[in-house]
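Colleague: Structure supplied as coords_28.pdb; contents: PDB, C-alpha atoms and all ligand atoms.
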```
ATOM      1  CA  MET E 119      32.444  14.320 -73.611
ATOM      2  CA  ALA E 120      35.174  13.236 -71.259
ATOM      3  CA  GLU E 121      35.916   9.986 -69.478
ATOM      4  CA  TYR E 122      37.115   9.912 -65.915
ATOM      5  CA  LYS E 123      38.437   7.083 -63.809
ATOM      6  CA  LEU E 124      37.246   6.682 -60.267
ATOM      7  CA  LEU E 125      38.473   4.102 -57.763
ATOM      8  CA  ILE E 126      36.693   2.274 -54.945
ATOM      9  CA  THR E 127      38.661   0.531 -52.220
ATOM     10  CA  GLY E 128      38.169  -0.770 -48.688
ATOM     11  CA  PRO E 129      38.358  -3.954 -46.622
ATOM     12  CA  MET E 130      37.296  -7.419 -47.741
ATOM     13  CA  GLY E 131      33.530  -7.709 -47.798
ATOM     14  CA  ALA E 132      32.772  -3.983 -47.393
ATOM     15  CA  GLY E 133      30.730  -4.051 -50.607
ATOM     16  CA  LYS E 134      33.021  -2.675 -53.325
ATOM     17  CA  THR E 135      31.878  -5.173 -55.966
ATOM     18  CA  THR E 136      28.260  -4.716 -54.872
ATOM     19  CA  ALA E 137      28.491  -0.910 -55.077
ATOM     20  CA  ILE E 138      29.904  -0.964 -58.617
ATOM     21  CA  ALA E 139      27.231  -3.415 -59.755
ATOM     22  CA  ALA E 140      24.599  -1.127 -58.188
ATOM     23  CA  ILE E 141      25.546   1.925 -60.245
ATOM     24  CA  SER E 142      27.044   0.567 -63.469
ATOM     25  CA  ASP E 143      25.135   1.160 -66.724
ATOM     26  CA  VAL E 144      26.818  -1.880 -68.265
ATOM     27  CA  PRO E 145      27.203  -5.391 -66.849
ATOM     28  CA  PRO E 146      30.241  -4.970 -64.585
ATOM     29  CA  ILE E 147      33.489  -6.839 -65.081
ATOM     30  CA  VAL E 148      33.940  -9.040 -62.035
ATOM     31  CA  THR E 149      37.066 -11.023 -61.113
ATOM     32  CA  ASP E 150      35.786 -12.786 -58.017
ATOM     33  CA  VAL E 151      37.001 -16.296 -57.221
ATOM     34  CA  GLN E 152      36.370 -18.808 -54.459
ATOM     35  CA  ASN E 153      37.544 -17.478 -51.103
ATOM     36  CA  ASN E 154      39.875 -19.914 -49.326
ATOM     37  CA  ASP E 155      40.532 -17.759 -46.267
ATOM     38  CA  THR E 156      38.744 -19.573 -43.463
ATOM     39  CA  SER E 157      38.944 -16.528 -41.172
ATOM     40  CA  VAL E 158      36.369 -14.665 -43.304
ATOM     41  CA  ALA E 159      32.949 -16.200 -43.966
ATOM     42  CA  LYS E 160      32.569 -15.177 -47.607
ATOM     43  CA  ASP E 161      32.112 -17.406 -50.646
ATOM     44  CA  ARG E 162      33.862 -15.344 -53.280
ATOM     45  CA  THR E 163      36.333 -12.497 -53.227
ATOM     46  CA  THR E 164      37.756 -10.056 -55.762
ATOM     47  CA  VAL E 165      41.361 -10.820 -56.720
ATOM     48  CA  GLY E 166      41.859  -8.703 -59.852
ATOM     49  CA  MET E 167      39.566  -5.734 -60.161
ATOM     50  CA  ASP E 168      35.974  -4.623 -60.615
ATOM     51  CA  PHE E 169      34.941  -2.395 -63.472
ATOM     52  CA  GLY E 170      31.756  -0.560 -64.351
ATOM     53  CA  GLU E 171      30.654   2.508 -66.293
ATOM     54  CA  LEU E 172      28.348   5.320 -65.347
ATOM     55  CA  ALA E 173      27.076   8.008 -67.723
ATOM     56  CA  LEU E 174      26.734  11.410 -66.071
ATOM     57  CA  GLU E 175      24.001  13.926 -66.926
ATOM     58  CA  ASN E 176      26.488  16.280 -68.605
ATOM     59  CA  GLY E 177      27.493  13.577 -71.088
ATOM     60  CA  ASP E 178      30.726  12.635 -69.367
ATOM     61  CA  THR E 179      31.402   9.004 -68.508
ATOM     62  CA  LEU E 180      32.800   7.648 -65.274
ATOM     63  CA  ARG E 181      34.873   4.495 -65.492
ATOM     64  CA  ILE E 182      34.620   2.991 -62.042
ATOM     65  CA  TYR E 183      37.247   0.539 -60.842
ATOM     66  CA  GLY E 184      37.181  -1.492 -57.635
ATOM     67  CA  THR E 185      40.207  -2.981 -55.911
ATOM     68  CA  PRO E 186      40.667  -6.271 -54.128
ATOM     69  CA  GLY E 187      40.413  -5.635 -50.376
ATOM     70  CA  GLN E 188      43.198  -7.760 -48.955
ATOM     71  CA  GLU E 189      46.634  -6.262 -48.415
ATOM     72  CA  ARG E 190      48.307  -9.115 -50.287
ATOM     73  CA  PHE E 191      46.898  -7.534 -53.434
ATOM     74  CA  ASP E 192      48.511  -4.147 -52.785
ATOM     75  CA  PHE E 193      50.313  -4.353 -56.145
ATOM     76  CA  MET E 194      46.857  -4.133 -57.767
ATOM     77  CA  TRP E 195      46.085  -1.095 -55.596
ATOM     78  CA  GLU E 196      49.026   0.675 -57.181
ATOM     79  CA  ILE E 197      48.098  -0.351 -60.715
ATOM     80  CA  LEU E 198      44.462   0.646 -60.297
ATOM     81  CA  ALA E 199      45.230   4.000 -58.654
ATOM     82  CA  LYS E 200      47.016   5.226 -61.783
ATOM     83  CA  GLY E 201      45.112   8.020 -63.484
ATOM     84  CA  ALA E 202      42.186   8.011 -61.042
ATOM     85  CA  ILE E 203      40.508  11.371 -60.360
ATOM     86  CA  GLY E 204      39.290  10.367 -56.918
ATOM     87  CA  LEU E 205      38.887   7.643 -54.339
ATOM     88  CA  ILE E 206      35.909   6.223 -52.487
ATOM     89  CA  VAL E 207      36.843   4.248 -49.381
ATOM     90  CA  LEU E 208      34.088   1.870 -48.307
ATOM     91  CA  THR E 209      34.441   0.647 -44.753
ATOM     92  CA  ASP E 210      32.518  -1.992 -42.839
ATOM     93  CA  ASN E 211      31.559  -1.112 -39.266
ATOM     94  CA  SER E 212      31.064  -4.810 -38.420
ATOM     95  CA  THR E 213      34.760  -5.737 -38.739
ATOM     96  CA  PRO E 214      36.904  -6.170 -35.595
ATOM     97  CA  ASP E 215      38.655  -2.798 -36.040
ATOM     98  CA  PRO E 216      36.997  -0.398 -38.512
ATOM     99  CA  VAL E 217      39.274   2.489 -37.467
ATOM    100  CA  ALA E 218      42.448   0.529 -38.259
ATOM    101  CA  ASP E 219      40.879  -0.624 -41.551
ATOM    102  CA  LEU E 220      40.099   2.933 -42.576
ATOM    103  CA  GLN E 221      43.556   4.160 -41.675
ATOM    104  CA  LEU E 222      45.225   1.361 -43.643
ATOM    105  CA  TYR E 223      43.480   2.397 -46.875
ATOM    106  CA  LEU E 224      43.979   6.115 -46.273
ATOM    107  CA  GLU E 225      47.683   5.477 -45.785
ATOM    108  CA  SER E 226      48.048   3.099 -48.722
ATOM    109  CA  PHE E 227      46.305   5.508 -51.089
ATOM    110  CA  SER E 228      47.762   8.698 -49.596
ATOM    111  CA  THR E 229      49.443   9.735 -52.847
ATOM    112  CA  LEU E 230      46.196   9.452 -54.785
ATOM    113  CA  ILE E 231      44.208  11.232 -52.059
ATOM    114  CA  ALA E 232      46.712  14.093 -51.861
ATOM    115  CA  ARG E 233      46.526  14.550 -55.615
ATOM    116  CA  THR E 234      42.746  14.158 -55.986
ATOM    117  CA  ALA E 235      39.779  13.834 -53.627
ATOM    118  CA  CYS E 236      38.336  11.267 -51.251
ATOM    119  CA  VAL E 237      34.978  10.239 -49.822
ATOM    120  CA  ILE E 238      34.424   7.672 -47.081
ATOM    121  CA  GLY E 239      31.309   5.491 -47.064
ATOM    122  CA  VAL E 240      30.634   3.630 -43.838
ATOM    123  CA  GLY E 241      28.818   0.328 -44.302
ATOM    124  CA  ARG E 242      26.663  -1.572 -41.806
ATOM    125  CA  SER E 243      26.555   1.352 -39.373
ATOM    126  CA  GLU E 244      22.869   0.724 -38.653
ATOM    127  CA  SER E 245      23.588  -2.683 -37.137
ATOM    128  CA  HIS E 246      26.983  -1.560 -35.802
ATOM    129  CA  PRO E 247      26.780   2.079 -34.637
ATOM    130  CA  ALA E 248      30.322   2.131 -33.226
ATOM    131  CA  PRO E 249      32.662   3.653 -34.185
ATOM    132  CA  SER E 250      30.617   6.766 -34.869
ATOM    133  CA  ILE E 251      31.058   9.021 -37.880
ATOM    134  CA  ASP E 252      32.816  11.474 -35.546
ATOM    135  CA  GLU E 253      35.295   8.870 -34.374
ATOM    136  CA  LEU E 254      36.021   7.802 -37.944
ATOM    137  CA  SER E 255      36.409  11.422 -38.927
ATOM    138  CA  ILE E 256      39.019  11.955 -36.194
ATOM    139  CA  ALA E 257      40.803   8.785 -37.345
ATOM    140  CA  ALA E 258      40.881  10.131 -40.903
ATOM    141  CA  GLN E 259      42.162  13.505 -39.747
ATOM    142  CA  ALA E 260      44.947  11.714 -37.882
ATOM    143  CA  LYS E 261      46.037  10.483 -41.321
ATOM    144  CA  GLY E 262      45.778  13.979 -42.747
ATOM    145  CA  VAL E 263      42.508  13.344 -44.574
ATOM    146  CA  VAL E 264      39.580  15.733 -44.218
ATOM    147  CA  CYS E 265      36.695  14.593 -46.405
ATOM    148  CA  PRO E 266      32.987  13.749 -46.351
ATOM    149  CA  ILE E 267      32.106  10.624 -44.329
ATOM    150  CA  VAL E 268      28.604   9.229 -44.749
ATOM    151  CA  PRO E 269      26.808   5.991 -43.890
ATOM    152  CA  VAL E 270      26.100   3.860 -46.953
ATOM    153  CA  ASP E 271      24.417   0.640 -47.927
ATOM    154  CA  ALA E 272      26.424  -0.527 -50.940
ATOM    155  CA  ARG E 273      23.390  -2.413 -52.270
ATOM    156  CA  GLU E 274      21.416   0.814 -52.696
ATOM    157  CA  ARG E 275      22.055   2.559 -56.005
ATOM    158  CA  ASP E 276      20.985   5.996 -54.735
ATOM    159  CA  GLN E 277      23.274   5.807 -51.733
ATOM    160  CA  VAL E 278      26.259   4.816 -53.846
ATOM    161  CA  LEU E 279      25.447   7.599 -56.320
ATOM    162  CA  LEU E 280      25.509  10.042 -53.425
ATOM    163  CA  LEU E 281      29.108   9.027 -52.691
ATOM    164  CA  VAL E 282      29.998   9.636 -56.332
ATOM    165  CA  ASP E 283      28.304  13.047 -56.206
ATOM    166  CA  LEU E 284      30.165  14.020 -53.053
ATOM    167  CA  LEU E 285      33.403  13.151 -54.793
ATOM    168  CA  LEU E 286      32.604  15.039 -57.993
ATOM    169  CA  THR E 287      31.457  18.105 -56.039
ATOM    170  CA  GLN E 288      34.834  18.300 -54.319
ATOM    171  CA  LEU E 289      36.611  18.112 -57.642
ATOM    172  CA  GLU E 290      34.461  20.855 -59.152
ATOM    173  CA  SER E 291      35.158  23.201 -56.270
ATOM    174  CA  ARG E 292      38.917  22.915 -56.820
TER     175      ARG E 292
ATOM    176  CA  MET K 160      49.062 -16.009 -41.979
ATOM    177  CA  SER K 161      45.447 -16.906 -42.623
ATOM    178  CA  GLU K 162      44.229 -20.482 -42.440
ATOM    179  CA  ILE K 163      43.346 -21.820 -45.864
ATOM    180  CA  ASN K 164      41.049 -24.692 -46.669
ATOM    181  CA  VAL K 165      43.462 -26.874 -48.626
ATOM    182  CA  SER K 166      44.005 -30.354 -47.192
ATOM    183  CA  PRO K 167      47.383 -31.277 -45.684
ATOM    184  CA  ALA K 168      47.484 -34.316 -47.984
ATOM    185  CA  PHE K 169      47.162 -32.149 -51.073
ATOM    186  CA  THR K 170      49.689 -29.667 -49.728
ATOM    187  CA  GLN K 171      52.204 -32.475 -49.308
ATOM    188  CA  ILE K 172      51.759 -33.646 -52.904
ATOM    189  CA  ALA K 173      51.963 -30.067 -54.152
ATOM    190  CA  ASP K 174      55.174 -29.590 -52.215
ATOM    191  CA  PHE K 175      56.688 -32.687 -53.813
ATOM    192  CA  HIS K 176      55.860 -31.432 -57.313
ATOM    193  CA  ALA K 177      57.125 -27.914 -56.634
ATOM    194  CA  SER K 178      60.431 -29.368 -55.551
ATOM    195  CA  ARG K 179      60.571 -31.739 -58.530
ATOM    196  CA  LEU K 180      59.825 -28.996 -61.076
ATOM    197  CA  MET K 181      62.409 -26.702 -59.537
ATOM    198  CA  ALA K 182      65.030 -29.434 -60.014
ATOM    199  CA  GLU K 183      63.863 -30.577 -63.449
ATOM    200  CA  ILE K 184      63.291 -27.317 -65.304
ATOM    201  CA  LEU K 185      66.473 -25.815 -66.670
ATOM    202  CA  GLY K 186      66.765 -22.231 -65.454
ATOM    203  CA  ALA K 187      63.889 -22.466 -62.962
ATOM    204  CA  VAL K 188      63.881 -19.499 -60.601
ATOM    205  CA  ALA K 189      60.623 -20.134 -58.760
ATOM    206  CA  VAL K 190      57.789 -22.646 -58.698
ATOM    207  CA  VAL K 191      54.651 -21.684 -56.786
ATOM    208  CA  ILE K 192      51.405 -23.577 -56.350
ATOM    209  CA  SER K 193      48.701 -21.263 -55.019
ATOM    210  CA  THR K 194      44.958 -20.944 -54.579
ATOM    211  CA  ALA K 195      42.841 -18.930 -57.012
ATOM    212  CA  ASP K 196      42.498 -16.285 -54.297
ATOM    213  CA  GLY K 197      46.224 -15.871 -53.900
ATOM    214  CA  PHE K 198      47.408 -18.049 -51.030
ATOM    215  CA  GLU K 199      50.620 -20.014 -51.366
ATOM    216  CA  VAL K 200      50.115 -23.774 -50.974
ATOM    217  CA  ALA K 201      53.632 -24.925 -51.866
ATOM    218  CA  ALA K 202      56.664 -23.170 -53.273
ATOM    219  CA  ARG K 203      60.325 -23.455 -54.137
ATOM    220  CA  ALA K 204      62.186 -20.322 -55.072
ATOM    221  CA  ARG K 205      65.762 -19.051 -55.272
ATOM    222  CA  ASP K 206      64.417 -16.043 -53.399
ATOM    223  CA  ALA K 207      61.903 -17.384 -50.876
ATOM    224  CA  ALA K 208      60.498 -13.902 -50.200
ATOM    225  CA  GLN K 209      59.193 -13.827 -53.761
ATOM    226  CA  SER K 210      56.798 -16.741 -53.498
ATOM    227  CA  SER K 211      53.928 -15.193 -51.528
ATOM    228  CA  ARG K 212      53.962 -12.123 -53.807
ATOM    229  CA  LEU K 213      53.907 -14.450 -56.814
ATOM    230  CA  ALA K 214      50.933 -16.312 -55.356
ATOM    231  CA  ALA K 215      48.928 -13.077 -55.077
ATOM    232  CA  MET K 216      49.974 -11.814 -58.506
ATOM    233  CA  ALA K 217      49.145 -15.142 -60.163
ATOM    234  CA  SER K 218      45.694 -14.908 -58.626
ATOM    235  CA  SER K 219      45.033 -11.413 -60.013
ATOM    236  CA  ILE K 220      46.350 -12.063 -63.490
ATOM    237  CA  ALA K 221      44.573 -15.417 -63.789
ATOM    238  CA  ALA K 222      41.298 -13.736 -62.823
ATOM    239  CA  ILE K 223      41.858 -11.015 -65.409
ATOM    240  CA  GLY K 224      42.766 -13.700 -67.983
ATOM    241  CA  ALA K 225      39.521 -15.489 -67.165
ATOM    242  CA  VAL K 226      37.499 -12.320 -67.770
ATOM    243  CA  ILE K 227      39.249 -11.679 -71.098
ATOM    244  CA  GLY K 228      38.659 -15.280 -72.199
ATOM    245  CA  ASP K 229      35.043 -14.883 -71.260
ATOM    246  CA  GLU K 230      34.413 -11.472 -72.850
ATOM    247  CA  THR K 231      36.048 -12.539 -76.120
ATOM    248  CA  LEU K 232      34.021 -15.768 -76.136
ATOM    249  CA  SER K 233      37.290 -17.719 -76.110
ATOM    250  CA  GLY K 234      36.273 -19.890 -73.182
ATOM    251  CA  ALA K 235      37.901 -20.458 -69.821
ATOM    252  CA  CYS K 236      41.489 -19.368 -69.284
ATOM    253  CA  ARG K 237      43.899 -22.311 -69.038
ATOM    254  CA  GLY K 238      47.150 -20.459 -68.812
ATOM    255  CA  ILE K 239      49.015 -17.185 -69.062
ATOM    256  CA  PHE K 240      52.469 -16.872 -70.592
ATOM    257  CA  ILE K 241      54.727 -13.915 -70.077
ATOM    258  CA  GLU K 242      57.802 -13.463 -72.220
ATOM    259  CA  ALA K 243      60.164 -11.054 -70.525
ATOM    260  CA  ASP K 244      63.576  -9.731 -71.551
ATOM    261  CA  LYS K 245      65.424 -11.997 -69.171
ATOM    262  CA  GLY K 246      63.121 -14.917 -68.663
ATOM    263  CA  GLN K 247      59.683 -16.361 -68.919
ATOM    264  CA  ILE K 248      56.773 -16.867 -66.613
ATOM    265  CA  VAL K 249      54.231 -19.603 -67.155
ATOM    266  CA  MET K 250      51.005 -19.826 -65.166
ATOM    267  CA  VAL K 251      48.615 -22.717 -65.676
ATOM    268  CA  GLU K 252      45.358 -23.538 -63.999
ATOM    269  CA  ILE K 253      45.063 -26.674 -61.902
ATOM    270  CA  ARG K 254      41.434 -27.685 -62.188
ATOM    271  CA  HIS K 255      41.095 -29.715 -59.040
ATOM    272  CA  PRO K 256      37.495 -30.739 -58.268
ATOM    273  CA  ASP K 257      37.625 -29.110 -54.798
ATOM    274  CA  HIS K 258      39.277 -25.856 -55.850
ATOM    275  CA  ILE K 259      40.999 -24.139 -58.693
ATOM    276  CA  LEU K 260      44.705 -23.622 -58.081
ATOM    277  CA  ILE K 261      47.433 -21.991 -60.123
ATOM    278  CA  LEU K 262      50.882 -23.355 -60.891
ATOM    279  CA  THR K 263      53.419 -20.619 -61.617
ATOM    280  CA  VAL K 264      56.892 -21.282 -62.987
ATOM    281  CA  VAL K 265      59.420 -18.475 -63.324
ATOM    282  CA  ALA K 266      62.503 -19.341 -65.370
ATOM    283  CA  ASP K 267      65.509 -17.383 -66.564
ATOM    284  CA  GLU K 268      66.864 -17.022 -70.100
ATOM    285  CA  GLN K 269      68.331 -20.534 -70.149
ATOM    286  CA  ALA K 270      64.831 -21.971 -70.229
ATOM    287  CA  LEU K 271      62.809 -22.736 -73.343
ATOM    288  CA  LEU K 272      59.218 -21.519 -73.146
ATOM    289  CA  GLY K 273      57.934 -24.704 -74.795
ATOM    290  CA  ALA K 274      59.723 -26.931 -72.335
ATOM    291  CA  VAL K 275      58.579 -24.933 -69.316
ATOM    292  CA  THR K 276      55.005 -24.923 -70.583
ATOM    293  CA  TYR K 277      55.037 -28.664 -71.223
ATOM    294  CA  SER K 278      56.333 -29.479 -67.722
ATOM    295  CA  ALA K 279      53.888 -27.085 -66.093
ATOM    296  CA  ARG K 280      50.897 -28.479 -67.992
ATOM    297  CA  GLN K 281      51.797 -32.088 -67.208
ATOM    298  CA  THR K 282      52.174 -31.264 -63.528
ATOM    299  CA  ALA K 283      48.887 -29.356 -63.497
ATOM    300  CA  LEU K 284      47.125 -32.441 -64.869
ATOM    301  CA  VAL K 285      48.658 -34.631 -62.167
ATOM    302  CA  LEU K 286      47.753 -32.179 -59.402
ATOM    303  CA  ALA K 287      44.184 -31.841 -60.696
ATOM    304  CA  LYS K 288      43.726 -35.511 -59.821
ATOM    305  CA  ALA K 289      45.607 -35.441 -56.521
TER     306      ALA K 289
HETATM  307  N1  LIG Y   1      23.498  -6.125 -44.347
HETATM  308  C1  LIG Y   1      24.229  -5.410 -45.193
HETATM  309  N2  LIG Y   1      24.867  -6.079 -46.158
HETATM  310  C2  LIG Y   1      25.624  -5.370 -47.009
HETATM  311  C3  LIG Y   1      25.753  -3.963 -46.900
HETATM  312  N3  LIG Y   1      26.582  -3.559 -47.866
HETATM  313  C4  LIG Y   1      26.961  -4.663 -48.542
HETATM  314  N4  LIG Y   1      26.365  -5.760 -48.041
HETATM  315  C5  LIG Y   1      26.519  -7.158 -48.490
HETATM  316  O1  LIG Y   1      27.852  -7.499 -48.205
HETATM  317  C6  LIG Y   1      28.412  -8.250 -49.259
HETATM  318  C7  LIG Y   1      29.598  -7.494 -49.832
HETATM  319  O2  LIG Y   1      30.194  -8.269 -50.791
HETATM  320  P1  LIG Y   1      31.109  -7.687 -51.947
HETATM  321  O3  LIG Y   1      30.404  -6.634 -52.706
HETATM  322  O4  LIG Y   1      31.645  -8.861 -52.670
HETATM  323  O5  LIG Y   1      32.243  -6.990 -51.097
HETATM  324  P2  LIG Y   1      33.689  -6.575 -51.590
HETATM  325  O6  LIG Y   1      34.040  -5.343 -50.820
HETATM  326  O7  LIG Y   1      33.725  -6.473 -53.063
HETATM  327  O8  LIG Y   1      34.564  -7.783 -51.059
HETATM  328  P3  LIG Y   1      35.983  -8.340 -51.555
HETATM  329  O9  LIG Y   1      36.019  -8.296 -53.029
HETATM  330  O10 LIG Y   1      36.010  -9.732 -50.998
HETATM  331  O11 LIG Y   1      36.998  -7.456 -50.915
HETATM  332  C8  LIG Y   1      27.309  -8.466 -50.265
HETATM  333  O12 LIG Y   1      26.714  -9.704 -50.022
HETATM  334  C9  LIG Y   1      26.344  -7.318 -49.979
HETATM  335  O13 LIG Y   1      25.026  -7.649 -50.307
HETATM  336  C10 LIG Y   1      25.061  -3.284 -45.851
HETATM  337  O14 LIG Y   1      25.115  -2.067 -45.688
HETATM  338  N5  LIG Y   1      24.305  -4.058 -45.043
HETATM  339 MG    MG Y   2      34.926  -7.347 -54.417
END
```
Can you dump the structure from the file as structure tokens?
Ligand SMILES: Nc1nc2c(ncn2[C@@H]2O[C@H](COP(=O)(O)OP(=O)(O)OP(=O)(O)O)[C@@H](O)[C@H]2O)c(=O)[nH]1
Ligand SMILES: [Mg+2]
Modeller:
Amino acid sequence: MAEYKLLITGPMGAGKTTAIAAISDVPPIVTDVQNNDTSVAKDRTTVGMDFGELALENGDTLRIYGTPGQERFDFMWEILAKGAIGLIVLTDNSTPDPVADLQLYLESFSTLIARTACVIGVGRSESHPAPSIDELSIAAQAKGVVCPIVPVDARERDQVLLLVDLLLTQLESR
Amino acid sequence: MSEINVSPAFTQIADFHASRLMAEILGAVAVVISTADGFEVAARARDAAQSSRLAAMASSIAAIGAVIGDETLSGACRGIFIEADKGQIVMVEIRHPDHILILTVVADEQALLGAVTYSARQTALVLAKA
């Protein structure tokens, strides 16, 4: 039985904390505090990390970490990326510039992505169809990342599990 | 920089205390008063570029301290103390009724941890009522 570390990142409010809570077998560790940034209508925001655990069918355990979204916490990005076997980037299609958001995280985590694998989950694409999966895919390719990109609702356990599966499948095929 | 919801009146008082602590604490390198989510409210530092990074780091470590206090049934986290080779870092919570803030003091090897902690705690109590 092995334990693997997996990391979830993406912009503020994309649903990183929600996604980990949706799939964790144990009550997740949450470090959310009151949000004081008046430019984003959100009560609480993650400033340290999220943590949850997921037992896989083969007996292995995934330790799932989530990052804070804001760039001022990039030192936590570095700490949390250590030892991860893969990255899930959750984006939010309702932000002013989802393409720029995606590219920021792909760039910031480029070392991890190059070493491991990546999956992109696009949130709120039902209410905000643009940019399309194709456009996001081109934006990812421009940053040298070719990986699965799928729509996701971070509140739905099955949809988040699909992201995890897509990541693990890539790792197995290596 | 993002707009933060801390009143100008509070910011002014915080600024006064940051300046006072910087002058009073022997070996003080930086004093930062920041929101729980990592925004600088007031700061004095030998290296001004350091203060916004310190604000974000204080936020992360205080949140992790809070979780550890909670999971070990030790209660809420009041402060975090880092003893480094060439200095000490003290972070204490300011429990203001409107918002939790963090006071961070970085001091070099001239400073005494007890003295830094005492000054920081006293100031946190004053700011909690400001
Ligand atoms: N309508 C809708 N809401 C969603 C969807 N995905 C997530 N949410 C909601 O969006 C919010 C996301 O909040 P968090 O999980 O705290 O997001 P986060 O990425 O951890 O945010 P930070 O920690 O602040 O960076 C929650 O209230 C979710 O219920 C979606 O696909 N559709
Ligand atoms: Mg979060």
Colleague: Could the residues that lie within 6 Å of ligand MG 2 (chain Y), counting only C-alpha atoms and all ligand atoms, be listed as a list in words?
Modeller: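 Using only C-alpha atoms and all ligand atoms, everything at most 6 Å from ligand MG 2 (chain Y) comes to Lys134, Thr135, Thr163, Thr164 and Pro186 of chain E.
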Colleague: What do you get as a JSON list (two decimals) with C-alpha atoms, keeping the file's coordinate frame if you pick all residues at most 10 Å from ligand LIG 1 (chain Y), counting all atoms listed in the file?
Modeller:
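File produced: out29.json:
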```json
[["chain", "number", "residue", "atom", "x", "y", "z"],
["E", 126, "ILE", "CA", 36.69, 2.27, -54.94],
["E", 127, "THR", "CA", 38.66, 0.53, -52.22],
["E", 128, "GLY", "CA", 38.17, -0.77, -48.69],
["E", 129, "PRO", "CA", 38.36, -3.95, -46.62],
["E", 130, "MET", "CA", 37.30, -7.42, -47.74],
["E", 131, "GLY", "CA", 33.53, -7.71, -47.80],
["E", 132, "ALA", "CA", 32.77, -3.98, -47.39],
["E", 133, "GLY", "CA", 30.73, -4.05, -50.61],
["E", 134, "LYS", "CA", 33.02, -2.68, -53.32],
["E", 135, "THR", "CA", 31.88, -5.17, -55.97],
["E", 136, "THR", "CA", 28.26, -4.72, -54.87],
["E", 137, "ALA", "CA", 28.49, -0.91, -55.08],
["E", 138, "ILE", "CA", 29.90, -0.96, -58.62],
["E", 139, "ALA", "CA", 27.23, -3.42, -59.76],
["E", 140, "ALA", "CA", 24.60, -1.13, -58.19],
["E", 148, "VAL", "CA", 33.94, -9.04, -62.04],
["E", 149, "THR", "CA", 37.07, -11.02, -61.11],
["E", 150, "ASP", "CA", 35.79, -12.79, -58.02],
["E", 151, "VAL", "CA", 37.00, -16.30, -57.22],
["E", 152, "GLN", "CA", 36.37, -18.81, -54.46],
["E", 153, "ASN", "CA", 37.54, -17.48, -51.10],
["E", 158, "VAL", "CA", 36.37, -14.66, -43.30],
["E", 160, "LYS", "CA", 32.57, -15.18, -47.61],
["E", 161, "ASP", "CA", 32.11, -17.41, -50.65],
["E", 162, "ARG", "CA", 33.86, -15.34, -53.28],
["E", 163, "THR", "CA", 36.33, -12.50, -53.23],
["E", 164, "THR", "CA", 37.76, -10.06, -55.76],
["E", 165, "VAL", "CA", 41.36, -10.82, -56.72],
["E", 166, "GLY", "CA", 41.86, -8.70, -59.85],
["E", 167, "MET", "CA", 39.57, -5.73, -60.16],
["E", 168, "ASP", "CA", 35.97, -4.62, -60.62],
["E", 184, "GLY", "CA", 37.18, -1.49, -57.64],
["E", 185, "THR", "CA", 40.21, -2.98, -55.91],
["E", 186, "PRO", "CA", 40.67, -6.27, -54.13],
["E", 187, "GLY", "CA", 40.41, -5.64, -50.38],
["E", 188, "GLN", "CA", 43.20, -7.76, -48.96],
["E", 208, "LEU", "CA", 34.09, 1.87, -48.31],
["E", 209, "THR", "CA", 34.44, 0.65, -44.75],
["E", 210, "ASP", "CA", 32.52, -1.99, -42.84],
["E", 211, "ASN", "CA", 31.56, -1.11, -39.27],
["E", 212, "SER", "CA", 31.06, -4.81, -38.42],
["E", 239, "GLY", "CA", 31.31, 5.49, -47.06],
["E", 240, "VAL", "CA", 30.63, 3.63, -43.84],
["E", 241, "GLY", "CA", 28.82, 0.33, -44.30],
["E", 242, "ARG", "CA", 26.66, -1.57, -41.81],
["E", 243, "SER", "CA", 26.56, 1.35, -39.37],
["E", 244, "GLU", "CA", 22.87, 0.72, -38.65],
["E", 245, "SER", "CA", 23.59, -2.68, -37.14],
["E", 246, "HIS", "CA", 26.98, -1.56, -35.80],
["E", 269, "PRO", "CA", 26.81, 5.99, -43.89],
["E", 270, "VAL", "CA", 26.10, 3.86, -46.95],
["E", 271, "ASP", "CA", 24.42, 0.64, -47.93],
["E", 272, "ALA", "CA", 26.42, -0.53, -50.94],
["E", 273, "ARG", "CA", 23.39, -2.41, -52.27],
["E", 274, "GLU", "CA", 21.42, 0.81, -52.70],
["K", 196, "ASP", "CA", 42.50, -16.28, -54.30]]
```
Colleague: Selected by the PyMOL selection byres ((chain K) within 9 of (chain E)) in the shown coordinates: which residues, as a PyMOL selection string?
Modeller: chain K and resi 161-165+194-198+211-212+215-216+218-223+225-226+258-259
Colleague: Using the chain letters and numbers from the file, give me the residues hit by the PyMOL selection byres (((chain E and resi 257) around 12) and not hetatm), as a list in words.
Modeller: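 On the file shown, the PyMOL selection byres (((chain E and resi 257) around 12) and not hetatm) covers Asp215, Pro216, Val217, Ala218, Asp219, Leu220, Gln221, Leu222, Tyr223, Leu224, Glu225, Ile238, Pro249, Ser250, Ile251, Asp252, Glu253, Leu254, Ser255, Ile256, Ala258, Gln259, Ala260, Lys261, Gly262, Val263, Val264, Cys265 and Ile267 of chain E.
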Colleague: In Å to one decimal, how far is atom CA of K:Gln269 from atom CA of K:Gln281?
Modeller: 20.4 Å
Colleague: I'd like the neighbourhood of stretch 235-245 of chain K as a PyMOL selection string, where a residue qualifies if any of its atoms comes within 10 Å (using only C-alpha atoms), though same-chain residues fewer than 3 positions away should be ignored.
Modeller: chain K and resi 217+220-229+232+248-254+261-269+272+276+279-280
Colleague: To one decimal in Å, tell me the separation between atom CA of E:Gly170 and atom CA of E:Asp143.
Modeller: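 Interatomic distance, atom CA of E:Gly170 to atom CA of E:Asp143: 7.2 Å.
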Colleague: Report, in Å to a single decimal, how far apart atom CA of E:Lys123 and atom CA of E:Ser226 are.
Modeller: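 Between atom CA of E:Ser226 and atom CA of E:Lys123 the gap works out to 18.3 Å.
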